[in-house]
>>> print(open('start_6.csv').read())   # CSV, C-alpha atoms
chain,number,residue,atom,x,y,z
A,1,MET,CA,0.0,0.0,0.0
A,2,ARG,CA,1.3,3.4,-0.9
A,3,ARG,CA,1.0,6.3,1.5
A,4,ILE,CA,0.0,9.7,0.3
A,5,LEU,CA,0.7,12.4,2.9
A,6,ILE,CA,-1.0,15.7,2.1
A,7,HIS,CA,0.5,18.7,4.0
A,8,PRO,CA,-1.9,21.7,3.4
A,9,GLY,CA,-0.1,24.1,5.7
A,10,PHE,CA,-0.9,26.2,7.5
A,11,HIS,CA,0.8,29.5,6.5
A,12,HIS,CA,3.6,30.8,8.9
A,13,THR,CA,4.0,27.5,10.7
A,14,GLY,CA,7.4,26.5,9.4
A,15,ALA,CA,5.8,25.1,6.2
A,16,SER,CA,8.2,26.9,3.9
A,17,ARG,CA,11.2,25.7,5.9
A,18,LEU,CA,9.9,22.1,5.8
A,19,GLN,CA,9.5,22.4,2.0
A,20,LYS,CA,13.0,23.7,1.7
A,21,THR,CA,14.3,20.8,3.8
A,22,LEU,CA,12.3,18.3,1.6
A,23,ARG,CA,13.7,19.8,-1.6
A,24,ALA,CA,17.3,19.7,-0.2
A,25,ASN,CA,16.8,15.9,0.4
A,26,ARG,CA,14.8,15.0,-2.6
A,27,ALA,CA,17.6,13.0,-4.2
A,28,ALA,CA,18.6,11.3,-1.0
A,29,LEU,CA,15.0,10.2,-0.2
A,30,ALA,CA,14.3,9.0,-3.8
A,31,PRO,CA,13.1,6.4,-4.8
A,32,HIS,CA,11.4,5.9,-1.4
A,33,VAL,CA,9.6,9.3,-1.4
A,34,HIS,CA,8.1,11.2,-4.3
A,35,MET,CA,7.5,14.9,-3.5
A,36,LEU,CA,5.2,17.5,-5.1
A,37,PHE,CA,5.0,21.2,-4.2
A,38,ARG,CA,2.8,24.1,-5.3
A,39,PRO,CA,4.3,24.5,-8.8
A,40,GLY,CA,3.5,20.8,-9.5
A,41,MET,CA,-0.1,21.2,-8.5
A,42,ALA,CA,-0.8,24.8,-9.5
A,43,ALA,CA,-4.4,24.2,-10.7
A,44,LEU,CA,-5.4,22.5,-7.5
A,45,CYS,CA,-3.9,25.2,-5.4
A,46,THR,CA,-5.6,27.9,-7.5
A,47,SER,CA,-9.0,26.3,-7.1
A,48,ALA,CA,-8.5,25.8,-3.4
A,49,ARG,CA,-7.7,29.5,-2.9
A,50,ALA,CA,-10.7,30.4,-5.0
A,51,TYR,CA,-13.0,28.3,-3.0
A,52,SER,CA,-11.7,29.7,0.3
A,53,VAL,CA,-13.0,33.1,-0.8
A,54,SER,CA,-16.2,32.3,-2.8
A,55,ARG,CA,-17.5,29.2,-0.9
A,56,SER,CA,-19.4,28.4,-4.1
A,57,ASP,CA,-20.3,24.8,-5.1
A,58,LEU,CA,-18.8,25.5,-8.5
A,59,ASP,CA,-15.4,26.3,-7.0
A,60,LEU,CA,-15.6,23.3,-4.7
A,61,GLY,CA,-16.4,21.2,-7.7
A,62,MET,CA,-13.2,22.5,-9.4
A,63,VAL,CA,-11.2,21.5,-6.3
A,64,LYS,CA,-12.6,17.9,-6.5
A,65,PHE,CA,-11.9,17.8,-10.3
A,66,GLU,CA,-8.3,19.1,-10.0
A,67,ALA,CA,-7.6,16.8,-7.0
A,68,ALA,CA,-8.9,13.7,-8.9
A,69,SER,CA,-6.8,14.7,-12.0
A,70,LEU,CA,-3.7,15.1,-9.8
A,71,ALA,CA,-4.3,11.7,-8.1
A,72,GLN,CA,-4.7,10.0,-11.5
A,73,SER,CA,-1.5,11.6,-12.7
A,74,LEU,CA,0.3,10.1,-9.7
A,75,SER,CA,-1.1,6.6,-10.2
A,76,GLU,CA,2.0,5.3,-11.9
A,77,VAL,CA,4.4,6.7,-9.3
A,78,ARG,CA,6.2,3.7,-7.8
A,79,ALA,CA,7.6,5.3,-4.6
A,80,PRO,CA,6.0,3.9,-1.5
A,81,THR,CA,5.4,7.4,-0.2
A,82,ILE,CA,4.1,10.5,-1.9
A,83,ILE,CA,4.3,13.9,-0.1
A,84,LEU,CA,2.2,16.8,-1.3
A,85,SER,CA,3.0,20.1,0.4
A,86,ALA,CA,1.4,23.5,-0.3
A,87,GLU,CA,-0.2,26.0,2.1
A,88,ALA,CA,-2.6,27.0,-0.6
A,89,LEU,CA,-4.4,23.6,-0.1
A,90,SER,CA,-6.0,25.2,3.0
A,91,GLY,CA,-7.0,28.3,1.0
A,92,ARG,CA,-5.8,31.9,1.2
A,93,LEU,CA,-4.1,33.4,4.2
A,94,PRO,CA,-6.6,34.9,6.7
A,95,GLY,CA,-6.7,38.7,6.3
A,96,ARG,CA,-6.9,38.4,2.5
A,97,LYS,CA,-10.1,38.9,0.6
A,98,GLY,CA,-12.0,39.4,3.9
A,99,LEU,CA,-11.1,36.0,5.3
A,100,ARG,CA,-11.1,35.8,9.1
A,101,GLY,CA,-9.8,32.3,9.5
A,102,TYR,CA,-9.2,28.9,8.0
A,103,THR,CA,-12.9,28.1,7.9
A,104,ALA,CA,-12.6,26.6,4.4
A,105,ALA,CA,-10.0,24.1,5.5
A,106,PRO,CA,-12.4,21.3,6.5
A,107,LYS,CA,-14.3,21.4,3.2
A,108,LEU,CA,-11.1,21.6,1.2
A,109,ALA,CA,-9.5,18.7,3.1
A,110,GLN,CA,-12.7,16.6,2.6
A,111,ALA,CA,-12.9,17.4,-1.1
A,112,ILE,CA,-9.3,16.7,-1.8
A,113,ALA,CA,-9.1,13.5,0.3
A,114,LEU,CA,-12.3,12.0,-1.1
A,115,ALA,CA,-11.2,12.7,-4.7
A,116,PHE,CA,-7.9,10.9,-4.0
A,117,GLU,CA,-9.7,8.0,-2.4
A,118,ALA,CA,-11.9,7.6,-5.4
A,119,ALA,CA,-9.0,7.9,-7.9
A,120,VAL,CA,-6.4,5.8,-6.0
A,121,PRO,CA,-8.5,3.6,-3.7
A,122,ASP,CA,-5.7,1.3,-2.6
A,123,ASP,CA,-3.6,4.1,-1.2
A,124,GLU,CA,-3.6,5.3,2.4
A,125,ILE,CA,-4.3,9.1,2.7
A,126,ILE,CA,-2.8,11.0,5.6
A,127,LEU,CA,-3.4,14.7,6.4
A,128,PHE,CA,-0.5,16.4,8.1
A,129,TYR,CA,-0.8,20.0,9.4
A,130,THR,CA,1.8,22.3,10.8
A,131,ILE,CA,0.7,24.7,13.5
A,132,ARG,CA,2.1,27.4,15.7
A,133,ASP,CA,1.2,29.3,18.8
A,134,ALA,CA,-1.3,32.1,18.4
A,135,ASP,CA,1.0,35.0,19.1
A,136,GLY,CA,3.7,33.7,16.8
A,137,TRP,CA,1.3,33.1,14.0
A,138,LEU,CA,-0.3,36.6,14.4
A,139,HIS,CA,3.0,38.4,14.3
A,140,ARG,CA,4.3,36.5,11.3
A,141,SER,CA,1.1,36.8,9.3
A,142,TYR,CA,1.0,40.5,10.1
A,143,ARG,CA,4.5,41.0,8.7
A,144,GLN,CA,3.5,39.2,5.5
A,145,HIS,CA,0.5,41.4,5.0
A,146,LEU,CA,2.7,44.5,5.5
A,147,ARG,CA,5.0,43.3,2.7
A,148,THR,CA,2.6,41.8,0.2
A,149,ALA,CA,-0.7,43.6,0.7
A,150,ARG,CA,-2.0,47.0,1.6
A,151,MET,CA,-2.2,46.4,5.4
A,152,VAL,CA,-3.0,49.7,7.1
A,153,LEU,CA,-3.7,48.4,10.6
A,154,ASP,CA,-1.0,48.7,13.2
A,155,ARG,CA,0.2,45.6,14.9
A,156,ASP,CA,-2.0,45.8,18.0
A,157,ASP,CA,-5.1,46.5,16.0
A,158,TYR,CA,-4.3,43.5,13.7
A,159,VAL,CA,-3.7,41.2,16.6
A,160,SER,CA,-7.0,42.3,18.2
A,161,ARG,CA,-9.0,41.9,15.0
A,162,PHE,CA,-7.6,38.6,13.9
A,163,ALA,CA,-7.1,36.8,17.3
A,164,GLY,CA,-9.9,34.5,16.4
A,165,SER,CA,-8.0,33.3,13.3
A,166,ALA,CA,-5.0,32.1,15.3
A,167,ASP,CA,-6.2,29.0,17.0
A,168,LEU,CA,-4.7,26.6,14.5
A,169,SER,CA,-5.0,23.5,16.6
A,170,ALA,CA,-8.8,24.1,16.7
A,171,ALA,CA,-8.7,24.5,12.9
A,172,VAL,CA,-7.1,21.0,12.7
A,173,ASP,CA,-9.9,19.7,15.0
A,174,THR,CA,-12.5,20.9,12.6
A,175,VAL,CA,-10.7,19.1,9.7
A,176,ALA,CA,-10.6,15.9,11.7
A,177,GLU,CA,-14.3,16.1,12.3
A,178,ALA,CA,-14.9,16.5,8.5
A,179,VAL,CA,-12.8,13.4,7.6
A,180,PRO,CA,-13.2,11.1,10.7
A,181,HIS,CA,-12.0,8.0,8.7
A,182,LEU,CA,-8.6,9.5,8.0
A,183,SER,CA,-5.5,10.1,10.0
A,184,VAL,CA,-5.3,13.8,10.6
A,185,LEU,CA,-1.9,14.7,12.3
A,186,ARG,CA,-0.4,17.9,13.5
A,187,ALA,CA,3.1,19.1,14.3
A,188,ASP,CA,3.8,22.3,16.3
A,189,ALA,CA,6.5,24.6,14.9
A,190,ALA,CA,8.0,24.6,18.4
A,191,ALA,CA,9.1,21.0,17.8
A,192,GLU,CA,11.5,22.2,15.1
A,193,ASN,CA,14.3,22.5,17.6
A,194,THR,CA,13.7,19.1,19.2
A,195,ARG,CA,14.7,16.8,16.4
A,196,PRO,CA,17.8,16.9,14.1
A,197,LEU,CA,15.7,17.3,10.9
A,198,GLY,CA,13.1,19.6,12.6
A,199,THR,CA,9.6,19.0,11.4
A,200,LEU,CA,10.8,16.8,8.6
A,201,ASP,CA,11.6,14.1,11.2
A,202,LEU,CA,8.0,14.3,12.4
A,203,LEU,CA,6.7,14.0,8.9
A,204,LEU,CA,9.0,11.0,8.1
A,205,ASP,CA,7.8,9.3,11.3
A,206,CYS,CA,4.2,9.5,9.9
A,207,VAL,CA,5.1,7.7,6.7
A,208,GLY,CA,7.4,5.1,8.3
A,209,VAL,CA,10.8,6.2,6.8
A,210,PRO,CA,13.3,4.4,9.0
A,211,ASP,CA,16.1,6.2,10.9
A,212,ALA,CA,18.7,4.4,8.7
A,213,ARG,CA,17.3,6.2,5.6
A,214,ARG,CA,17.6,9.6,7.4
A,215,LYS,CA,21.4,9.4,8.0
A,216,GLY,CA,23.2,12.1,6.1
A,217,LEU,CA,20.1,14.1,5.2
A,218,ALA,CA,20.5,17.8,5.1
A,219,PRO,CA,19.2,19.7,8.2
A,220,PRO,CA,16.7,22.5,8.0
A,221,PRO,CA,18.0,25.9,6.8
A,222,ASP,CA,18.6,28.6,9.3
A,223,ALA,CA,15.5,30.2,10.6
A,224,ASP,CA,14.7,33.7,9.3
A,225,ALA,CA,16.2,36.6,11.2
A,226,ASP,CA,14.1,38.5,13.7
A,227,PRO,CA,12.1,41.2,12.1
A,228,ASP,CA,13.2,44.8,12.1
A,229,PRO,CA,10.6,47.0,13.8
A,230,ALA,CA,11.8,50.0,11.9
A,231,LEU,CA,11.2,48.2,8.6
A,232,ASP,CA,7.7,47.3,9.7
A,233,ALA,CA,7.0,50.9,10.6
A,234,ALA,CA,8.3,52.1,7.2
A,235,LEU,CA,6.2,49.6,5.3
A,236,LEU,CA,3.1,50.6,7.3
A,237,GLU,CA,3.7,54.2,6.4
A,238,LEU,CA,3.9,53.3,2.7
A,239,ASN,CA,0.7,51.3,2.9
A,240,ARG,CA,-1.1,54.2,4.5
A,241,GLY,CA,0.2,56.7,1.9
A,242,ASP,CA,-1.0,57.8,-1.5
A,243,MET,CA,1.3,55.6,-3.6
A,244,GLN,CA,-0.6,53.1,-5.8
A,245,GLY,CA,0.0,49.9,-7.8
A,246,THR,CA,3.4,49.1,-9.1
A,247,ASP,CA,4.9,52.2,-7.5
A,248,LEU,CA,3.9,51.0,-4.1
A,249,ARG,CA,5.1,47.5,-4.8
A,250,ASP,CA,8.5,48.7,-6.0
A,251,ALA,CA,8.9,51.1,-3.1
A,252,LYS,CA,8.3,48.3,-0.6
A,253,ARG,CA,10.6,46.0,-2.4
A,254,ALA,CA,13.4,48.6,-2.3
A,255,LEU,CA,12.8,49.1,1.5
A,256,ILE,CA,13.0,45.3,2.1
A,257,ALA,CA,16.1,45.0,-0.1
A,258,ARG,CA,17.9,47.7,1.8
A,259,ALA,CA,17.0,46.1,5.1
A,260,ALA,CA,18.3,42.7,4.1
>>> encode(input="start_6.csv", output="C-alpha cells")
Amino acid sequence: MRRILIHPGFHHTGASRLQKTLRANRAALAPHVHMLFRPGMAALCTSARAYSVSRSDLDLGMVKFEAASLAQSLSEVRAPTIILSAEALSGRLPGRKGLRGYTAAPKLAQAIALAFEAAVPDDEIILFYTIRDADGWLHRSYRQHLRTARMVLDRDDYVSRFAGSADLSAAVDTVAEAVPHLSVLRADAAAENTRPLGTLDLLLDCVGVPDARRKGLAPPPDADADPDPALDAALLELNRGDMQGTDLRDAKRALIARAA
C-alpha cells in the first residue's frame, strides 16, 4: 500500500522551511519518497484558494476535479510514499479577501481527500498540518500582510482583530471532524528544535521512513532573522500613503532589499 501524505499548511507554521528541507533531500530520499510542491499542482492550489473566498459549489467542484486529476497523474508513481505540500491547499491566508480564519480548510480537506480516495482507492491518505502558537502566527502573518498587501492596521489592531484566526489547533480539529475516517496529524513549529531534521523528522515518522534512511540528510535551513521594527513601521507608512499599484510595490521591495 502506498502512503500519500498531504500537507496543506498552515501558513507561517514553518511550512516553507519544511518544504526547503524536503527539496534539499529530494535525491537522498528517492526512490522511497516522491515529492510534489505548489508548482507541480498549481491548478489544485488555485482552485482551493478560489473556494476559500467564494465558498461556491462551482469552485468546490473544481477542487474535486483538480484533485482527482492530480491523483490520477500520480497513479504510476512507484515510490511507496508521496508527499504533497502546499499551504494553498488550505485556502488563502486569513486577512486576505475578507477571510477571518481557515474556515474553508475542512471542506477543502474533505474534497481533496475524497477525490484521492476515489482515484487511487488502494492508497492510504494522511493529512499532516503544521501549527504554531497564536502569538507567533499573528505576528508572522501581520508581517507578510505589510509586505505583500496594503495592510493599514498597526500591529496591535491587527492582533486584536484577527485573534480568532490564530487557534490553528482548533482548525485542525474541525478538519478531523470533517474526515473522521482519515489520520489527521499535526506538528507544532515549536518541535522544530527538538529533532535533528526539525519538522521533517516528524513527517518522516508519519510515513514510516526508518532512521537508517535519514542518516546524512541535510538539516533545515537557518531560521529567518528576527524582524526589524523600523522596517515594519516604514512599510506601514507606505501602505497608509498615497502611492498606488506598481509604484507602491516597487517602493516596498526597495525598502526590504535595503534592510536585508
>>> closest_residue(input="start_6.csv", among="A:Phe128, A:Met1, A:Ala163, A:Asp122", to="Asp205 (chain A)", atoms="all atoms listed in the file")
A:Phe128
>>> atom_distance(input="start_6.csv", atom1="CA of Tyr158 (chain A)", atom2="CA of Gly101 (chain A)")
13.2 Å
>>> closest_atom_pairs(input="start_6.csv", of="region 16-86 of chain A", to="region 221-233 of chain A", cutoff="8 Å", atoms="only C-alpha atoms", output="tab-separated table")
residue	atom	partner	partner_atom	distance
A:Arg17	CA	A:Pro221	CA	6.9
A:Lys20	CA	A:Pro221	CA	7.5
A:Thr21	CA	A:Pro221	CA	7.0
>>> closest_residue(input="start_6.csv", among="A:Gly164, A:Gly61, A:Pro8, A:Gly98", to="Ala111 (chain A)", atoms="only C-alpha atoms")
A:Gly61
>>> closest_residue(input="start_6.csv", among="A:Arg2, A:Arg249, A:Arg150, A:Lys64", to="Ala118 (chain A)", atoms="all atoms listed in the file")
A:Lys64
>>> residues_around(input="start_6.csv", residues="His11 (chain A)", least_positions_apart="4", cutoff="7 Å", atoms="all atoms listed in the file", output="PyMOL selection string")
chain A and resi 15+87+93
>>> closest_residue(input="start_6.csv", among="A:Glu66, A:Glu177, A:Asp154, A:Asp123", to="Ala234 (chain A)", atoms="all atoms listed in the file")
A:Asp154
>>> atom_distance(input="start_6.csv", atom1="CA of Glu124 (chain A)", atom2="CA of Ile4 (chain A)")
6.1 Å
>>> closest_residue(input="start_6.csv", among="A:Pro106, A:Gly14, A:Gly95, A:Pro80", to="Arg55 (chain A)", atoms="all atoms listed in the file")
A:Pro106
>>> closest_residue(input="start_6.csv", among="A:Ser75, A:Ile82, A:Arg240, A:Ser169", to="Pro121 (chain A)", atoms="only C-alpha atoms")
A:Ser75
>>> closest_atom_pairs(input="start_6.csv", of="region 169-193 of chain A", to="region 137-147 of chain A", cutoff="12 Å", atoms="all atoms listed in the file", output="CSV")
residue,atom,partner,partner_atom,distance
A:Ser169,CA,A:Trp137,CA,11.8
A:Asp188,CA,A:Trp137,CA,11.3
A:Ala189,CA,A:Trp137,CA,10.0
A:Ala190,CA,A:Trp137,CA,11.7
>>> residues_around(input="start_6.csv", residues="Ala86 (chain A)", least_positions_apart="5", cutoff="9 Å", atoms="all atoms listed in the file", output="CSV table (one decimal) with C-alpha atoms, keeping the file's coordinate frame")
chain,number,residue,atom,x,y,z
A,6,ILE,CA,-1.0,15.7,2.1
A,7,HIS,CA,0.5,18.7,4.0
A,8,PRO,CA,-1.9,21.7,3.4
A,9,GLY,CA,-0.1,24.1,5.7
A,10,PHE,CA,-0.9,26.2,7.5
A,15,ALA,CA,5.8,25.1,6.2
A,16,SER,CA,8.2,26.9,3.9
A,19,GLN,CA,9.5,22.4,2.0
A,36,LEU,CA,5.2,17.5,-5.1
A,37,PHE,CA,5.0,21.2,-4.2
A,38,ARG,CA,2.8,24.1,-5.3
A,41,MET,CA,-0.1,21.2,-8.5
A,45,CYS,CA,-3.9,25.2,-5.4
>>> atom_distance(input="start_6.csv", atom1="CA of Leu197 (chain A)", atom2="CA of Ala212 (chain A)")
13.4 Å
>>> residues_around(input="start_6.csv", residues="Cys206 (chain A)", least_positions_apart="6", cutoff="10 Å", atoms="only C-alpha atoms", output="PyMOL selection string")
chain A and resi 3+5+126-128+183+185+200
>>> residues_near_point(input="start_6.csv", point="(8.6, 12.3, 10.8)", cutoff="12 Å", atoms="only C-alpha atoms", output="VMD selection string")
chain A and resid 5 18 22 83 128 185 to 187 191 to 192 194 to 211 213 to 214
>>> decode(input="start_6.csv", residues="region 183-210 of chain A", atoms="N, CA, C and O atoms", output="PDB file, in the first residue's frame")
ATOM      1  N   SER A 183      -6.428   9.613   9.035  1.00  0.00           N
ATOM      2  CA  SER A 183      -5.456  10.097  10.015  1.00  0.00           C
ATOM      3  C   SER A 183      -5.197  11.570   9.744  1.00  0.00           C
ATOM      4  O   SER A 183      -4.766  11.937   8.642  1.00  0.00           O
ATOM      5  N   VAL A 184      -5.501  12.410  10.740  1.00  0.00           N
ATOM      6  CA  VAL A 184      -5.254  13.846  10.634  1.00  0.00           C
ATOM      7  C   VAL A 184      -4.265  14.195  11.735  1.00  0.00           C
ATOM      8  O   VAL A 184      -4.593  14.162  12.920  1.00  0.00           O
ATOM      9  N   LEU A 185      -3.033  14.520  11.343  1.00  0.00           N
ATOM     10  CA  LEU A 185      -1.940  14.702  12.278  1.00  0.00           C
ATOM     11  C   LEU A 185      -1.516  16.160  12.295  1.00  0.00           C
ATOM     12  O   LEU A 185      -1.769  16.910  11.360  1.00  0.00           O
ATOM     13  N   ARG A 186      -0.848  16.541  13.383  1.00  0.00           N
ATOM     14  CA  ARG A 186      -0.372  17.923  13.488  1.00  0.00           C
ATOM     15  C   ARG A 186       1.007  17.942  14.116  1.00  0.00           C
ATOM     16  O   ARG A 186       1.353  17.080  14.934  1.00  0.00           O
ATOM     17  N   ALA A 187       1.793  18.929  13.727  1.00  0.00           N
ATOM     18  CA  ALA A 187       3.130  19.132  14.283  1.00  0.00           C
ATOM     19  C   ALA A 187       3.287  20.598  14.609  1.00  0.00           C
ATOM     20  O   ALA A 187       3.073  21.456  13.747  1.00  0.00           O
ATOM     21  N   ASP A 188       3.639  20.884  15.850  1.00  0.00           N
ATOM     22  CA  ASP A 188       3.819  22.272  16.275  1.00  0.00           C
ATOM     23  C   ASP A 188       5.188  22.761  15.845  1.00  0.00           C
ATOM     24  O   ASP A 188       6.190  22.041  15.956  1.00  0.00           O
ATOM     25  N   ALA A 189       5.240  24.001  15.355  1.00  0.00           N
ATOM     26  CA  ALA A 189       6.516  24.578  14.926  1.00  0.00           C
ATOM     27  C   ALA A 189       7.532  24.594  16.055  1.00  0.00           C
ATOM     28  O   ALA A 189       8.744  24.588  15.804  1.00  0.00           O
ATOM     29  N   ALA A 190       7.072  24.579  17.303  1.00  0.00           N
ATOM     30  CA  ALA A 190       7.994  24.557  18.437  1.00  0.00           C
ATOM     31  C   ALA A 190       8.829  23.282  18.463  1.00  0.00           C
ATOM     32  O   ALA A 190       9.909  23.244  19.061  1.00  0.00           O
ATOM     33  N   ALA A 191       8.347  22.232  17.786  1.00  0.00           N
ATOM     34  CA  ALA A 191       9.080  20.967  17.764  1.00  0.00           C
ATOM     35  C   ALA A 191      10.274  21.009  16.820  1.00  0.00           C
ATOM     36  O   ALA A 191      11.082  20.080  16.799  1.00  0.00           O
ATOM     37  N   GLU A 192      10.383  22.080  16.023  1.00  0.00           N
ATOM     38  CA  GLU A 192      11.484  22.174  15.057  1.00  0.00           C
ATOM     39  C   GLU A 192      12.845  21.988  15.709  1.00  0.00           C
ATOM     40  O   GLU A 192      13.755  21.410  15.117  1.00  0.00           O
ATOM     41  N   ASN A 193      12.981  22.498  16.921  1.00  0.00           N
ATOM     42  CA  ASN A 193      14.289  22.471  17.575  1.00  0.00           C
ATOM     43  C   ASN A 193      14.506  21.233  18.417  1.00  0.00           C
ATOM     44  O   ASN A 193      15.535  21.116  19.088  1.00  0.00           O
ATOM     45  N   THR A 194      13.542  20.303  18.402  1.00  0.00           N
ATOM     46  CA  THR A 194      13.668  19.121  19.244  1.00  0.00           C
ATOM     47  C   THR A 194      14.165  17.899  18.485  1.00  0.00           C
ATOM     48  O   THR A 194      14.471  16.889  19.109  1.00  0.00           O
ATOM     49  N   ARG A 195      14.261  17.979  17.166  1.00  0.00           N
ATOM     50  CA  ARG A 195      14.690  16.844  16.352  1.00  0.00           C
ATOM     51  C   ARG A 195      15.766  17.316  15.371  1.00  0.00           C
ATOM     52  O   ARG A 195      15.747  18.464  14.915  1.00  0.00           O
ATOM     53  N   PRO A 196      16.711  16.443  15.019  1.00  0.00           N
ATOM     54  CA  PRO A 196      17.801  16.851  14.129  1.00  0.00           C
ATOM     55  C   PRO A 196      17.330  17.427  12.799  1.00  0.00           C
ATOM     56  O   PRO A 196      17.935  18.371  12.275  1.00  0.00           O
ATOM     57  N   LEU A 197      16.262  16.868  12.233  1.00  0.00           N
ATOM     58  CA  LEU A 197      15.747  17.342  10.946  1.00  0.00           C
ATOM     59  C   LEU A 197      14.526  18.230  11.103  1.00  0.00           C
ATOM     60  O   LEU A 197      13.806  18.503  10.141  1.00  0.00           O
ATOM     61  N   GLY A 198      14.263  18.688  12.330  1.00  0.00           N
ATOM     62  CA  GLY A 198      13.117  19.560  12.566  1.00  0.00           C
ATOM     63  C   GLY A 198      11.808  18.857  12.252  1.00  0.00           C
ATOM     64  O   GLY A 198      11.632  17.659  12.512  1.00  0.00           O
ATOM     65  N   THR A 199      10.888  19.580  11.661  1.00  0.00           N
ATOM     66  CA  THR A 199       9.571  19.032  11.354  1.00  0.00           C
ATOM     67  C   THR A 199       9.651  17.879  10.355  1.00  0.00           C
ATOM     68  O   THR A 199       8.787  16.997  10.348  1.00  0.00           O
ATOM     69  N   LEU A 200      10.696  17.861   9.536  1.00  0.00           N
ATOM     70  CA  LEU A 200      10.838  16.754   8.588  1.00  0.00           C
ATOM     71  C   LEU A 200      10.911  15.419   9.323  1.00  0.00           C
ATOM     72  O   LEU A 200      10.360  14.414   8.854  1.00  0.00           O
ATOM     73  N   ASP A 201      11.589  15.381  10.464  1.00  0.00           N
ATOM     74  CA  ASP A 201      11.645  14.139  11.234  1.00  0.00           C
ATOM     75  C   ASP A 201      10.244  13.670  11.611  1.00  0.00           C
ATOM     76  O   ASP A 201       9.926  12.477  11.532  1.00  0.00           O
ATOM     77  N   LEU A 202       9.395  14.607  12.050  1.00  0.00           N
ATOM     78  CA  LEU A 202       8.035  14.250  12.444  1.00  0.00           C
ATOM     79  C   LEU A 202       7.237  13.752  11.249  1.00  0.00           C
ATOM     80  O   LEU A 202       6.459  12.796  11.358  1.00  0.00           O
ATOM     81  N   LEU A 203       7.422  14.389  10.099  1.00  0.00           N
ATOM     82  CA  LEU A 203       6.729  13.965   8.892  1.00  0.00           C
ATOM     83  C   LEU A 203       7.188  12.565   8.476  1.00  0.00           C
ATOM     84  O   LEU A 203       6.361  11.707   8.128  1.00  0.00           O
ATOM     85  N   LEU A 204       8.492  12.316   8.526  1.00  0.00           N
ATOM     86  CA  LEU A 204       9.005  11.005   8.121  1.00  0.00           C
ATOM     87  C   LEU A 204       8.566   9.917   9.093  1.00  0.00           C
ATOM     88  O   LEU A 204       8.383   8.759   8.698  1.00  0.00           O
ATOM     89  N   ASP A 205       8.373  10.289  10.364  1.00  0.00           N
ATOM     90  CA  ASP A 205       7.792   9.340  11.315  1.00  0.00           C
ATOM     91  C   ASP A 205       6.414   8.885  10.832  1.00  0.00           C
ATOM     92  O   ASP A 205       6.058   7.703  10.927  1.00  0.00           O
ATOM     93  N   CYS A 206       5.634   9.834  10.331  1.00  0.00           N
ATOM     94  CA  CYS A 206       4.248   9.549   9.936  1.00  0.00           C
ATOM     95  C   CYS A 206       4.165   8.571   8.770  1.00  0.00           C
ATOM     96  O   CYS A 206       3.193   7.823   8.654  1.00  0.00           O
ATOM     97  N   VAL A 207       5.173   8.586   7.904  1.00  0.00           N
ATOM     98  CA  VAL A 207       5.118   7.727   6.718  1.00  0.00           C
ATOM     99  C   VAL A 207       6.076   6.544   6.816  1.00  0.00           C
ATOM    100  O   VAL A 207       6.268   5.809   5.845  1.00  0.00           O
ATOM    101  N   GLY A 208       6.659   6.353   8.004  1.00  0.00           N
ATOM    102  CA  GLY A 208       7.429   5.141   8.252  1.00  0.00           C
ATOM    103  C   GLY A 208       8.796   5.084   7.619  1.00  0.00           C
ATOM    104  O   GLY A 208       9.321   3.985   7.382  1.00  0.00           O
ATOM    105  N   VAL A 209       9.419   6.234   7.338  1.00  0.00           N
ATOM    106  CA  VAL A 209      10.788   6.224   6.819  1.00  0.00           C
ATOM    107  C   VAL A 209      11.733   5.912   7.973  1.00  0.00           C
ATOM    108  O   VAL A 209      11.765   6.640   8.964  1.00  0.00           O
ATOM    109  N   PRO A 210      12.503   4.828   7.904  1.00  0.00           N
ATOM    110  CA  PRO A 210      13.337   4.413   9.044  1.00  0.00           C
ATOM    111  C   PRO A 210      14.490   5.365   9.303  1.00  0.00           C
ATOM    112  O   PRO A 210      14.923   6.111   8.415  1.00  0.00           O
TER     113      PRO A 210
END
